[in-house]
Structure formats: structure tokens, C-alpha cells
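Text of the file final.cif, holding mmCIF, C-alpha atoms:
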```
data_my_file
#
loop_
_atom_site.label_atom_id
_atom_site.label_comp_id
_atom_site.auth_asym_id
_atom_site.auth_seq_id
_atom_site.Cartn_x
_atom_site.Cartn_y
_atom_site.Cartn_z
CA MET A 254 -31.95 -18.99 86.40
CA ASP A 255 -32.08 -15.93 84.19
CA THR A 256 -28.81 -14.79 82.63
CA PHE A 257 -27.24 -11.36 82.93
CA PHE A 258 -24.88 -8.96 81.22
CA LEU A 259 -23.22 -6.63 83.73
CA SER A 260 -21.20 -3.56 82.80
CA HIS A 261 -18.45 -3.59 85.41
CA GLY A 262 -16.81 -0.35 84.20
CA SER A 263 -13.80 0.78 86.19
CA PRO A 264 -12.04 -1.49 88.71
CA ALA A 265 -12.51 1.41 91.15
CA LEU A 266 -16.13 0.27 91.40
CA SER A 267 -14.82 -2.04 94.15
CA ILE A 268 -14.09 0.87 96.55
CA ASP A 269 -15.36 4.16 95.10
CA ASP A 270 -18.74 5.17 96.52
CA THR A 271 -19.00 8.05 94.05
CA ILE A 272 -19.52 5.64 91.12
CA PRO A 273 -23.32 5.56 90.67
CA ALA A 274 -23.42 1.90 89.63
CA ARG A 275 -21.95 0.78 92.96
CA ASP A 276 -25.33 0.94 94.70
CA PHE A 277 -26.86 -1.22 91.96
CA PHE A 278 -24.32 -3.98 92.48
CA LYS A 279 -24.53 -3.76 96.29
CA SER A 280 -28.33 -4.05 96.19
CA TRP A 281 -28.25 -7.24 94.14
CA LEU A 282 -30.88 -9.63 95.49
CA PRO A 283 -32.08 -12.79 93.71
CA ALA A 284 -35.64 -12.09 94.85
CA ARG A 285 -35.60 -8.61 93.31
CA VAL A 286 -33.45 -8.69 90.21
CA ALA A 287 -32.20 -12.21 89.55
CA GLY A 288 -35.36 -13.92 88.44
CA GLY A 289 -38.23 -13.38 90.84
CA ASP A 290 -38.33 -16.13 93.46
CA GLN A 291 -35.10 -17.80 92.37
CA ALA A 292 -32.92 -19.14 95.14
CA ALA A 293 -29.25 -18.33 95.40
CA PRO A 294 -27.31 -19.97 92.58
CA ARG A 295 -25.58 -23.29 93.09
CA ALA A 296 -22.58 -21.91 91.22
CA ILE A 297 -21.65 -18.94 89.03
CA LEU A 298 -20.12 -19.01 85.56
CA VAL A 299 -18.54 -15.67 84.66
CA VAL A 300 -17.67 -14.80 81.06
CA SER A 301 -15.26 -11.93 81.57
CA ALA A 302 -13.89 -9.43 79.07
CA HIS A 303 -10.53 -9.79 80.80
CA TRP A 304 -9.75 -13.35 79.80
CA GLU A 305 -8.95 -13.70 76.11
CA THR A 306 -7.81 -16.98 74.53
CA ALA A 307 -7.61 -18.25 70.96
CA ALA A 308 -10.02 -21.11 71.77
CA PRO A 309 -12.45 -21.45 74.69
CA ALA A 310 -10.91 -22.15 78.09
CA VAL A 311 -12.36 -22.73 81.56
CA SER A 312 -10.81 -22.17 84.98
CA VAL A 313 -10.72 -25.43 86.92
CA VAL A 314 -9.89 -24.54 90.52
CA ALA A 315 -10.29 -27.21 93.19
CA GLY A 316 -9.76 -24.97 96.22
CA ARG A 317 -10.33 -21.27 96.70
CA ASN A 318 -10.01 -18.90 93.77
CA GLY A 319 -7.12 -16.48 93.74
CA THR A 320 -7.70 -12.79 93.08
CA ILE A 321 -6.03 -11.24 90.05
CA HIS A 322 -5.31 -7.50 90.31
CA ASP A 323 -5.05 -6.96 86.57
CA PHE A 324 -5.00 -3.15 86.57
CA TYR A 325 -2.48 -0.41 87.15
CA GLY A 326 -2.36 3.04 88.74
CA PHE A 327 -5.22 2.62 91.20
CA PRO A 328 -5.27 3.23 94.98
CA GLU A 329 -3.20 0.77 96.99
CA ALA A 330 -6.29 -0.38 98.90
CA MET A 331 -7.61 -2.04 95.75
CA TYR A 332 -4.58 -4.31 95.54
CA GLN A 333 -5.32 -5.61 99.03
CA LEU A 334 -8.85 -6.74 98.17
CA LYS A 335 -9.43 -10.49 97.94
CA TYR A 336 -12.39 -12.52 96.74
CA PRO A 337 -11.64 -16.10 97.82
CA ALA A 338 -14.78 -17.76 96.48
CA PRO A 339 -14.57 -21.53 96.10
CA GLY A 340 -13.68 -22.83 92.68
CA ALA A 341 -16.30 -24.73 90.68
CA PRO A 342 -14.40 -27.57 88.98
CA GLU A 343 -17.53 -29.63 88.31
CA LEU A 344 -19.19 -26.66 86.60
CA ALA A 345 -16.01 -25.98 84.63
CA ARG A 346 -15.91 -29.54 83.32
CA ARG A 347 -19.66 -29.52 82.60
CA THR A 348 -19.14 -26.30 80.60
CA LYS A 349 -16.25 -27.87 78.75
CA ALA A 350 -18.28 -31.00 77.92
CA LEU A 351 -21.23 -28.99 76.58
CA LEU A 352 -18.99 -26.88 74.38
CA GLU A 353 -16.99 -29.79 73.01
CA GLN A 354 -20.13 -31.80 72.26
CA ALA A 355 -21.40 -28.83 70.24
CA GLY A 356 -18.17 -28.50 68.24
CA PHE A 357 -16.59 -25.59 70.11
CA GLY A 358 -13.62 -27.64 71.29
CA PRO A 359 -11.02 -28.38 72.19
CA VAL A 360 -11.67 -26.46 75.41
CA ALA A 361 -8.58 -25.90 77.54
CA GLU A 362 -8.53 -26.30 81.32
CA ASP A 363 -6.61 -23.69 83.33
CA HIS A 364 -5.93 -25.01 86.82
CA GLY A 365 -4.01 -22.03 88.17
CA ARG A 366 -5.93 -18.96 87.05
CA GLY A 367 -7.70 -16.88 89.67
CA LEU A 368 -10.60 -14.50 89.16
CA ASP A 369 -9.81 -11.40 87.11
CA HIS A 370 -11.36 -8.05 87.96
CA GLY A 371 -14.16 -8.57 85.44
CA ALA A 372 -15.32 -11.35 87.76
CA TRP A 373 -14.39 -10.36 91.30
CA VAL A 374 -15.13 -6.62 91.18
CA PRO A 375 -18.88 -7.08 90.61
CA LEU A 376 -19.06 -10.25 92.72
CA VAL A 377 -17.44 -8.66 95.78
CA LEU A 378 -20.41 -6.28 95.85
CA MET A 379 -23.12 -8.72 94.74
CA TYR A 380 -22.13 -11.74 96.86
CA PRO A 381 -19.73 -10.31 99.48
CA ALA A 382 -19.66 -13.51 101.54
CA ALA A 383 -17.70 -15.17 98.71
CA ASP A 384 -19.40 -18.48 99.51
CA ILE A 385 -20.76 -19.41 96.07
CA PRO A 386 -18.46 -21.47 93.80
CA VAL A 387 -17.23 -19.53 90.76
CA CYS A 388 -15.48 -20.43 87.54
CA GLN A 389 -14.68 -18.43 84.43
CA LEU A 390 -15.00 -18.95 80.68
CA SER A 391 -12.81 -17.02 78.27
CA VAL A 392 -13.70 -14.97 75.18
CA GLN A 393 -12.13 -15.27 71.72
CA THR A 394 -11.42 -11.86 70.20
CA GLU A 395 -10.40 -13.40 66.87
CA ARG A 396 -13.92 -14.79 66.51
CA ASP A 397 -17.12 -12.84 65.91
CA ALA A 398 -20.20 -12.06 67.99
CA ALA A 399 -22.19 -14.87 66.34
CA HIS A 400 -19.60 -17.34 67.64
CA HIS A 401 -20.12 -16.06 71.18
CA TYR A 402 -23.90 -16.14 70.84
CA GLY A 403 -23.55 -19.78 69.75
CA VAL A 404 -21.39 -20.51 72.78
CA GLY A 405 -24.17 -19.07 74.93
CA LEU A 406 -26.87 -21.16 73.26
CA THR A 407 -24.79 -24.25 73.96
CA LEU A 408 -24.58 -23.36 77.65
CA ALA A 409 -28.34 -22.82 78.07
CA PRO A 410 -28.82 -26.16 79.95
CA LEU A 411 -26.78 -24.73 82.84
CA ARG A 412 -29.69 -22.48 83.78
CA GLU A 413 -31.77 -25.53 84.66
CA GLU A 414 -28.95 -26.78 86.87
CA GLY A 415 -28.93 -23.82 89.24
CA VAL A 416 -26.03 -22.04 87.55
CA LEU A 417 -26.02 -18.26 87.25
CA VAL A 418 -24.43 -17.24 83.93
CA LEU A 419 -22.97 -13.74 84.08
CA GLY A 420 -21.43 -11.89 81.16
CA SER A 421 -19.15 -9.17 82.54
CA GLY A 422 -17.98 -6.43 80.21
CA SER A 423 -19.08 -2.91 79.39
CA ALA A 424 -21.82 -1.49 77.19
CA THR A 425 -19.30 1.09 75.94
CA HIS A 426 -15.54 0.78 76.30
CA ASN A 427 -13.07 3.19 74.72
CA LEU A 428 -10.42 4.10 77.27
CA ARG A 429 -8.71 6.46 74.83
CA ARG A 430 -11.88 8.56 74.73
CA ARG A 431 -13.04 8.42 78.32
CA GLY A 432 -14.48 11.92 78.35
CA VAL A 433 -14.76 14.26 81.33
CA LEU A 434 -15.96 13.09 84.75
CA GLY A 435 -19.21 14.79 85.68
CA ALA A 436 -20.01 15.75 82.10
CA PRO A 437 -22.79 14.12 80.05
CA PRO A 438 -21.64 11.11 78.03
CA PRO A 439 -20.30 12.00 74.59
CA GLU A 440 -22.67 11.67 71.66
CA TRP A 441 -21.02 8.56 70.22
CA ALA A 442 -21.34 6.70 73.54
CA ALA A 443 -24.93 7.79 74.21
CA GLU A 444 -26.05 6.85 70.70
CA PHE A 445 -24.43 3.41 70.78
CA ASP A 446 -25.83 2.74 74.25
CA ALA A 447 -29.34 3.75 73.18
CA TRP A 448 -29.08 1.59 70.05
CA LEU A 449 -28.02 -1.42 72.11
CA GLU A 450 -31.00 -1.03 74.43
CA ASP A 451 -33.40 -0.64 71.53
CA ALA A 452 -31.99 -3.67 69.69
CA LEU A 453 -32.02 -5.91 72.77
CA LEU A 454 -35.46 -4.94 74.03
CA GLY A 455 -36.80 -5.14 70.47
CA GLY A 456 -35.54 -8.72 70.10
CA ARG A 457 -33.28 -7.83 67.15
CA ARG A 458 -30.80 -10.61 67.84
CA GLU A 459 -29.26 -10.55 64.37
CA ASP A 460 -28.58 -6.83 64.64
CA VAL A 461 -26.90 -7.38 68.01
CA THR A 462 -24.65 -10.12 66.64
CA ARG A 463 -23.82 -7.92 63.63
CA TYR A 464 -23.38 -4.79 65.75
CA GLU A 465 -20.22 -3.68 63.92
CA GLU A 466 -22.32 -3.26 60.78
CA THR A 467 -25.64 -2.20 62.28
CA ALA A 468 -24.86 0.00 65.31
CA PRO A 469 -23.95 3.68 65.21
CA HIS A 470 -20.36 4.45 66.29
CA ALA A 471 -19.68 0.74 66.84
CA ARG A 472 -15.91 0.95 66.33
CA THR A 473 -15.69 4.03 68.55
CA ALA A 474 -17.76 2.51 71.35
CA HIS A 475 -15.78 -0.75 71.08
CA PRO A 476 -12.40 -0.41 69.34
CA ARG A 477 -11.90 -4.04 70.41
CA PRO A 478 -14.80 -6.46 70.95
CA GLU A 479 -13.83 -8.15 74.21
CA HIS A 480 -16.07 -6.01 76.44
CA LEU A 481 -19.19 -6.73 74.37
CA TYR A 482 -18.73 -10.43 73.65
CA PRO A 483 -19.79 -11.42 77.21
CA LEU A 484 -23.18 -9.89 76.39
CA HIS A 485 -23.56 -12.20 73.40
CA VAL A 486 -22.78 -15.25 75.53
CA ALA A 487 -25.27 -14.23 78.23
CA LEU A 488 -27.94 -13.48 75.62
CA GLY A 489 -27.44 -16.86 73.96
CA ALA A 490 -27.45 -18.72 77.28
CA ALA A 491 -31.02 -17.52 77.88
CA GLY A 492 -32.09 -19.38 74.73
CA ASP A 493 -33.54 -18.32 71.39
CA GLY A 494 -36.37 -15.86 71.85
CA ALA A 495 -35.25 -14.69 75.28
CA ARG A 496 -36.66 -11.40 76.53
CA ALA A 497 -34.23 -8.62 77.46
CA GLU A 498 -34.75 -6.12 80.27
CA LEU A 499 -32.58 -3.12 81.13
CA ILE A 500 -31.95 -3.40 84.88
CA HIS A 501 -29.50 -0.54 85.37
CA ARG A 502 -28.03 2.43 83.54
CA SER A 503 -25.56 5.00 84.78
CA TRP A 504 -22.44 6.65 83.43
CA THR A 505 -18.90 7.53 84.40
CA ALA A 506 -17.76 9.84 81.60
CA SER A 507 -17.96 7.70 78.42
CA LEU A 508 -18.27 4.38 80.27
CA SER A 509 -21.83 3.08 80.30
CA TYR A 510 -22.82 0.79 83.14
CA ALA A 511 -25.95 -0.39 81.29
CA SER A 512 -26.76 -3.91 82.48
CA TYR A 513 -29.33 -6.40 81.23
CA ARG A 514 -31.32 -9.40 82.38
CA PHE A 515 -32.28 -12.08 79.87
CA THR A 516 -35.33 -14.18 80.63
CA THR A 517 -36.18 -17.37 78.81
CA THR A 518 -39.44 -17.22 76.89
CA LYS A 519 -41.82 -19.87 78.15
CA LYS A 520 -43.22 -22.12 75.41
#
```
Just give me the structure of the file as C-alpha cells.
Amino acid sequence: MDTFFLSHGSPALSIDDTIPARDFFKSWLPARVAGGDQAAPRAILVVSAHWETAAPAVSVVAGRNGTIHDFYGFPEAMYQLKYPAPGAPELARRTKALLEQAGFGPVAEDHGRGLDHGAWVPLVLMYPAADIPVCQLSVQTERDAAHHYGVGLTLAPLREEGVLVLGSGSATHNLRRRGVLGAPPPEWAAEFDAWLEDALLGGRREDVTRYEETAPHARTAHPRPEHLYPLHVALGAAGDGARAELIHRSWTASLSYASYRFTTTKK
């Protein structure tokens, strides 16, 4: 399995056909975008920007996942949406074991947490049948990007076990400076987004993990790091030397939906 970073943008992606990225998520096919002739994943591990904990935690759900509507002020229809994918307790405990063996523990188990919108909003479009087991891994906003890249490296064996590792965040995320719908993205967002593409496709891993120092407008594009840290996990999970590919780019005001595929370099 290749690994992916997906910019999920607004929760309205789940129902709003005017959001350009919606067609990208709905057209998701393993044969086209998820690694050539790869079969459907055995299970999905989502690293979502919307689950923050002080230390790593995994969701261990034995039955069907609940659906968390962790947003406010949206159309009522969005609060009726459900994504009852099976939980993936074996994957959760495998993830926990890998992380603890590598020194990232203790890893907490959350047995009651459903899927937040960073997980279910893209998945309801990508895998609408909700028949693939899913679990989540949290991010640690008090830690740095290098920590999250290391978490990803530790989880690289999951790719060989039929697990699809998805980082779900946003290439740019400043809700206080959303910009004007229908207008070109503001300069700070466009420049950060272009830098991120150039750094990823150029293999400049150290620059990406030190983005706050190396990227233009880093603190404006990401006042908080939680929407970019899933990218670092997905990048690490593809292994050192992985090749990056931009698989989608569109905009809604200042929100970039730039999404990337990371392919392991064959040795």
C-alpha cells in the first residue's frame, strides 16, 4: 500500500457539490490513484487533525464506529450523516505495539471514540459502502513535526499488511483568514502551498519537518500545527526515501485541498 495525505478542507465537502475537491474524493479508485494494481485495503488507519492528545492514542472499537459531528453552524443534513464502518481493534493494537516498541509509548486505547469528521468526511466519499474496518491515531500538538515523521516511520510495516495509512488534514488551514469564496487564494496561502509541493516532490524531507523555519508564511498558513502533522505521519509511513506525487489540488478561498501520494522507493 502507498500512503496518502488528504486535505479534507471544510466538513461541507460531505454534501456540497460546489466544492471542487468533492469529485476527486468521489472518484477514488485503488486501481487509479491508490497504488496501481493494489487491491482494496484490509483496513484503514486514519491520522486525523481532529484528534489531539498529549501522547499517542488509538481508537479500539469492537463493533461499528460511531460518527462524531464535531462542527457547528452547518446545514442540518450534515448532522444526519453516518459512517458506520467496522472498527479495527486488531489494527489499533498492532499500531499501539509498533509505537510502544519504538519508544513512543505509552499509547492509550480509547474504546468509545467514534470517527471524527477528519476521518468520515473523506471516507464517506471514497468508500461509501462503509465496509472496510477503520481506526484512528491521534496527533500531539505539543510535539514537533519530526516526532510525527518518526511515528510514521515506525508504522511503515503496516503497508505490507494491507493497511491503508491516511493522513487527513489540510495543506493550508487558517480559519481566521479564510478569504473570499470564488476569489483566487491569497498570496500567503498560494506561496505556502507551492513551497510544500516543491519540498515534497523534491525530496526535501528535512525542510518539510522544519517547515516552521523553512516555509514562507508558515505561521499564517498553519497558526496551529494539527492540520499538517498528519502529512508528516503519512510521509514517514512510506519509508525513508519515499517519492511524493501531487494527486489533487483545488481551492475554496484560502483552504487548499492539495493531496499527496507517497510511494515507497524500491531498493
(message) When the PyMOL selection byres ((chain A and resi 502-507) around 8) is applied to the structure above, which residues does it catch, written out as an NGL selection string?
(response) :A and (272-274 or 425-427 or 430-439 or 442 or 499-501 or 508-512)
(request) Spell out the residues picked by the PyMOL selection byres ((chain A and resi 388) around 9) here, as an MDAnalysis selection string. (result) chainID A and resid 296:300 311:314 318 339:342 344:345 367:368 386:387 389:390
(message) One decimal, in Å: what's the spacing between CA of Thr256 in chain A and CA of Asp451 in chain A?
(response) 18.6 Å
Could you give me, as a compact mmCIF listing (two decimals) with C-alpha atoms, in the coordinates of the input, the residues within 12 Å of Asp397 in chain A, counting all atoms listed in the file and dropping anything in the same chain fewer than 3 positions from it?
```txt
# COMPACT_ATOMS: atom_id res chain seq x y z
CA VAL A 392 -13.70 -14.97 75.18
CA GLN A 393 -12.13 -15.27 71.72
CA THR A 394 -11.42 -11.86 70.20
CA HIS A 400 -19.60 -17.34 67.64
CA HIS A 401 -20.12 -16.06 71.18
CA TYR A 402 -23.90 -16.14 70.84
CA GLY A 403 -23.55 -19.78 69.75
CA VAL A 404 -21.39 -20.51 72.78
CA VAL A 461 -26.90 -7.38 68.01
CA THR A 462 -24.65 -10.12 66.64
CA ARG A 463 -23.82 -7.92 63.63
CA TYR A 464 -23.38 -4.79 65.75
CA GLU A 465 -20.22 -3.68 63.92
CA ARG A 477 -11.90 -4.04 70.41
CA PRO A 478 -14.80 -6.46 70.95
CA GLU A 479 -13.83 -8.15 74.21
CA LEU A 481 -19.19 -6.73 74.37
CA TYR A 482 -18.73 -10.43 73.65
CA PRO A 483 -19.79 -11.42 77.21
CA HIS A 485 -23.56 -12.20 73.40
CA VAL A 486 -22.78 -15.25 75.53
```
(request) For the structure shown, which residues end up in the PyMOL selection byres ((chain A and resi 489) around 12)? Put them as JSON, numbers by chain, please? (result) {"A": [255, 256, 257, 258, 398, 399, 400, 401, 402, 403, 404, 405, 406, 407, 408, 409, 410, 411, 412, 418, 419, 420, 453, 458, 459, 461, 462, 482, 483, 484, 485, 486, 487, 488, 490, 491, 492, 493, 494, 495, 496, 497, 514, 515, 516, 517]}
Given the selection you just returned, output its residues as a file containing C-alpha atoms, formatted as a PDB file, in the frame of the given file.
```pdb
ATOM      1  CA  ASP A 255     -32.080 -15.930  84.190  1.00  0.00           C
ATOM      2  CA  THR A 256     -28.810 -14.790  82.630  1.00  0.00           C
ATOM      3  CA  PHE A 257     -27.240 -11.360  82.930  1.00  0.00           C
ATOM      4  CA  PHE A 258     -24.880  -8.960  81.220  1.00  0.00           C
ATOM      5  CA  ALA A 398     -20.200 -12.060  67.990  1.00  0.00           C
ATOM      6  CA  ALA A 399     -22.190 -14.870  66.340  1.00  0.00           C
ATOM      7  CA  HIS A 400     -19.600 -17.340  67.640  1.00  0.00           C
ATOM      8  CA  HIS A 401     -20.120 -16.060  71.180  1.00  0.00           C
ATOM      9  CA  TYR A 402     -23.900 -16.140  70.840  1.00  0.00           C
ATOM     10  CA  GLY A 403     -23.550 -19.780  69.750  1.00  0.00           C
ATOM     11  CA  VAL A 404     -21.390 -20.510  72.780  1.00  0.00           C
ATOM     12  CA  GLY A 405     -24.170 -19.070  74.930  1.00  0.00           C
ATOM     13  CA  LEU A 406     -26.870 -21.160  73.260  1.00  0.00           C
ATOM     14  CA  THR A 407     -24.790 -24.250  73.960  1.00  0.00           C
ATOM     15  CA  LEU A 408     -24.580 -23.360  77.650  1.00  0.00           C
ATOM     16  CA  ALA A 409     -28.340 -22.820  78.070  1.00  0.00           C
ATOM     17  CA  PRO A 410     -28.820 -26.160  79.950  1.00  0.00           C
ATOM     18  CA  LEU A 411     -26.780 -24.730  82.840  1.00  0.00           C
ATOM     19  CA  ARG A 412     -29.690 -22.480  83.780  1.00  0.00           C
ATOM     20  CA  VAL A 418     -24.430 -17.240  83.930  1.00  0.00           C
ATOM     21  CA  LEU A 419     -22.970 -13.740  84.080  1.00  0.00           C
ATOM     22  CA  GLY A 420     -21.430 -11.890  81.160  1.00  0.00           C
ATOM     23  CA  LEU A 453     -32.020  -5.910  72.770  1.00  0.00           C
ATOM     24  CA  ARG A 458     -30.800 -10.610  67.840  1.00  0.00           C
ATOM     25  CA  GLU A 459     -29.260 -10.550  64.370  1.00  0.00           C
ATOM     26  CA  VAL A 461     -26.900  -7.380  68.010  1.00  0.00           C
ATOM     27  CA  THR A 462     -24.650 -10.120  66.640  1.00  0.00           C
ATOM     28  CA  TYR A 482     -18.730 -10.430  73.650  1.00  0.00           C
ATOM     29  CA  PRO A 483     -19.790 -11.420  77.210  1.00  0.00           C
ATOM     30  CA  LEU A 484     -23.180  -9.890  76.390  1.00  0.00           C
ATOM     31  CA  HIS A 485     -23.560 -12.200  73.400  1.00  0.00           C
ATOM     32  CA  VAL A 486     -22.780 -15.250  75.530  1.00  0.00           C
ATOM     33  CA  ALA A 487     -25.270 -14.230  78.230  1.00  0.00           C
ATOM     34  CA  LEU A 488     -27.940 -13.480  75.620  1.00  0.00           C
ATOM     35  CA  ALA A 490     -27.450 -18.720  77.280  1.00  0.00           C
ATOM     36  CA  ALA A 491     -31.020 -17.520  77.880  1.00  0.00           C
ATOM     37  CA  GLY A 492     -32.090 -19.380  74.730  1.00  0.00           C
ATOM     38  CA  ASP A 493     -33.540 -18.320  71.390  1.00  0.00           C
ATOM     39  CA  GLY A 494     -36.370 -15.860  71.850  1.00  0.00           C
ATOM     40  CA  ALA A 495     -35.250 -14.690  75.280  1.00  0.00           C
ATOM     41  CA  ARG A 496     -36.660 -11.400  76.530  1.00  0.00           C
ATOM     42  CA  ALA A 497     -34.230  -8.620  77.460  1.00  0.00           C
ATOM     43  CA  ARG A 514     -31.320  -9.400  82.380  1.00  0.00           C
ATOM     44  CA  PHE A 515     -32.280 -12.080  79.870  1.00  0.00           C
ATOM     45  CA  THR A 516     -35.330 -14.180  80.630  1.00  0.00           C
ATOM     46  CA  THR A 517     -36.180 -17.370  78.810  1.00  0.00           C
TER      47      THR A 517
END
```
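Comparing the minimum interatomic distances between Ala338 in chain A and each of A:Asp276, A:Asp369, A:Ala382, A:Ala310, counting all atoms listed in the file, we find that A:Ala382 sits nearest.
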Using the incomplete input, complete range 509-519 of chain A to the level of all heavy atoms; output as an mmCIF file, keeping the file's coordinate frame.
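For reference, result.cif as written:
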```
data_model
loop_
_atom_site.group_PDB
_atom_site.id
_atom_site.type_symbol
_atom_site.label_atom_id
_atom_site.label_comp_id
_atom_site.auth_asym_id
_atom_site.auth_seq_id
_atom_site.Cartn_x
_atom_site.Cartn_y
_atom_site.Cartn_z
ATOM 1 N N SER A 509 -20.457 3.406 79.923
ATOM 2 C CA SER A 509 -21.830 3.080 80.300
ATOM 3 C C SER A 509 -21.842 1.846 81.187
ATOM 4 O O SER A 509 -21.175 0.856 80.904
ATOM 5 C CB SER A 509 -22.678 2.798 79.047
ATOM 6 O OG SER A 509 -23.924 2.224 79.409
ATOM 7 N N TYR A 510 -22.633 1.932 82.255
ATOM 8 C CA TYR A 510 -22.820 0.790 83.140
ATOM 9 C C TYR A 510 -24.157 0.090 82.853
ATOM 10 O O TYR A 510 -24.693 -0.618 83.709
ATOM 11 C CB TYR A 510 -22.783 1.241 84.597
ATOM 12 C CG TYR A 510 -21.393 1.520 85.116
ATOM 13 C CD1 TYR A 510 -20.787 2.754 84.907
ATOM 14 C CD2 TYR A 510 -20.682 0.560 85.815
ATOM 15 C CE1 TYR A 510 -19.515 3.021 85.389
ATOM 16 C CE2 TYR A 510 -19.406 0.807 86.300
ATOM 17 C CZ TYR A 510 -18.828 2.047 86.080
ATOM 18 O OH TYR A 510 -17.563 2.297 86.561
ATOM 19 N N ALA A 511 -24.688 0.260 81.645
ATOM 20 C CA ALA A 511 -25.950 -0.390 81.290
ATOM 21 C C ALA A 511 -25.828 -1.901 81.460
ATOM 22 O O ALA A 511 -24.877 -2.523 80.969
ATOM 23 C CB ALA A 511 -26.333 -0.054 79.857
ATOM 24 N N SER A 512 -26.783 -2.484 82.164
ATOM 25 C CA SER A 512 -26.760 -3.910 82.480
ATOM 26 C C SER A 512 -28.127 -4.511 82.165
ATOM 27 O O SER A 512 -29.152 -3.841 82.304
ATOM 28 C CB SER A 512 -26.407 -4.137 83.946
ATOM 29 O OG SER A 512 -25.099 -3.647 84.229
ATOM 30 N N TYR A 513 -28.121 -5.776 81.750
ATOM 31 C CA TYR A 513 -29.330 -6.400 81.230
ATOM 32 C C TYR A 513 -29.579 -7.763 81.853
ATOM 33 O O TYR A 513 -28.635 -8.496 82.176
ATOM 34 C CB TYR A 513 -29.228 -6.575 79.708
ATOM 35 C CG TYR A 513 -29.215 -5.266 78.963
ATOM 36 C CD1 TYR A 513 -28.014 -4.610 78.707
ATOM 37 C CD2 TYR A 513 -30.398 -4.671 78.532
ATOM 38 C CE1 TYR A 513 -27.990 -3.391 78.039
ATOM 39 C CE2 TYR A 513 -30.389 -3.460 77.857
ATOM 40 C CZ TYR A 513 -29.189 -2.824 77.612
ATOM 41 O OH TYR A 513 -29.176 -1.618 76.958
ATOM 42 N N ARG A 514 -30.854 -8.069 81.973
ATOM 43 C CA ARG A 514 -31.320 -9.400 82.380
ATOM 44 C C ARG A 514 -31.983 -10.053 81.187
ATOM 45 O O ARG A 514 -32.750 -9.416 80.459
ATOM 46 C CB ARG A 514 -32.318 -9.234 83.519
ATOM 47 C CG ARG A 514 -33.133 -10.466 83.872
ATOM 48 C CD ARG A 514 -34.083 -10.074 84.996
ATOM 49 N NE ARG A 514 -35.076 -11.086 85.248
ATOM 50 C CZ ARG A 514 -36.007 -10.987 86.199
ATOM 51 N NH1 ARG A 514 -36.025 -9.914 86.976
ATOM 52 N NH2 ARG A 514 -36.901 -11.940 86.376
ATOM 53 N N PHE A 515 -31.687 -11.326 80.967
ATOM 54 C CA PHE A 515 -32.280 -12.080 79.870
ATOM 55 C C PHE A 515 -33.111 -13.225 80.430
ATOM 56 O O PHE A 515 -32.597 -14.067 81.166
ATOM 57 C CB PHE A 515 -31.190 -12.605 78.929
ATOM 58 C CG PHE A 515 -30.294 -11.517 78.391
ATOM 59 C CD1 PHE A 515 -28.947 -11.483 78.725
ATOM 60 C CD2 PHE A 515 -30.795 -10.526 77.564
ATOM 61 C CE1 PHE A 515 -28.120 -10.480 78.251
ATOM 62 C CE2 PHE A 515 -29.984 -9.515 77.082
ATOM 63 C CZ PHE A 515 -28.635 -9.492 77.422
ATOM 64 N N THR A 516 -34.381 -13.207 80.097
ATOM 65 C CA THR A 516 -35.330 -14.180 80.630
ATOM 66 C C THR A 516 -35.813 -15.103 79.523
ATOM 67 O O THR A 516 -36.204 -14.644 78.449
ATOM 68 C CB THR A 516 -36.555 -13.463 81.235
ATOM 69 O OG1 THR A 516 -36.087 -12.555 82.240
ATOM 70 C CG2 THR A 516 -37.517 -14.458 81.861
ATOM 71 N N THR A 517 -35.754 -16.377 79.797
ATOM 72 C CA THR A 517 -36.180 -17.370 78.810
ATOM 73 C C THR A 517 -37.681 -17.242 78.536
ATOM 74 O O THR A 517 -38.481 -17.117 79.471
ATOM 75 C CB THR A 517 -35.878 -18.787 79.308
ATOM 76 O OG1 THR A 517 -34.475 -18.876 79.555
ATOM 77 C CG2 THR A 517 -36.284 -19.828 78.274
ATOM 78 N N THR A 518 -38.044 -17.272 77.271
ATOM 79 C CA THR A 518 -39.440 -17.220 76.890
ATOM 80 C C THR A 518 -40.076 -18.579 77.116
ATOM 81 O O THR A 518 -39.591 -19.597 76.609
ATOM 82 C CB THR A 518 -39.591 -16.818 75.408
ATOM 83 O OG1 THR A 518 -38.958 -15.555 75.221
ATOM 84 C CG2 THR A 518 -41.052 -16.712 75.013
ATOM 85 N N LYS A 519 -41.133 -18.604 77.886
ATOM 86 C CA LYS A 519 -41.820 -19.870 78.150
ATOM 87 C C LYS A 519 -42.594 -20.302 76.922
ATOM 88 O O LYS A 519 -43.246 -19.501 76.262
ATOM 89 C CB LYS A 519 -42.787 -19.727 79.327
ATOM 90 C CG LYS A 519 -42.091 -19.330 80.624
ATOM 91 C CD LYS A 519 -41.199 -20.447 81.129
ATOM 92 C CE LYS A 519 -40.678 -20.147 82.526
ATOM 93 N NZ LYS A 519 -39.733 -19.033 82.600
#
```
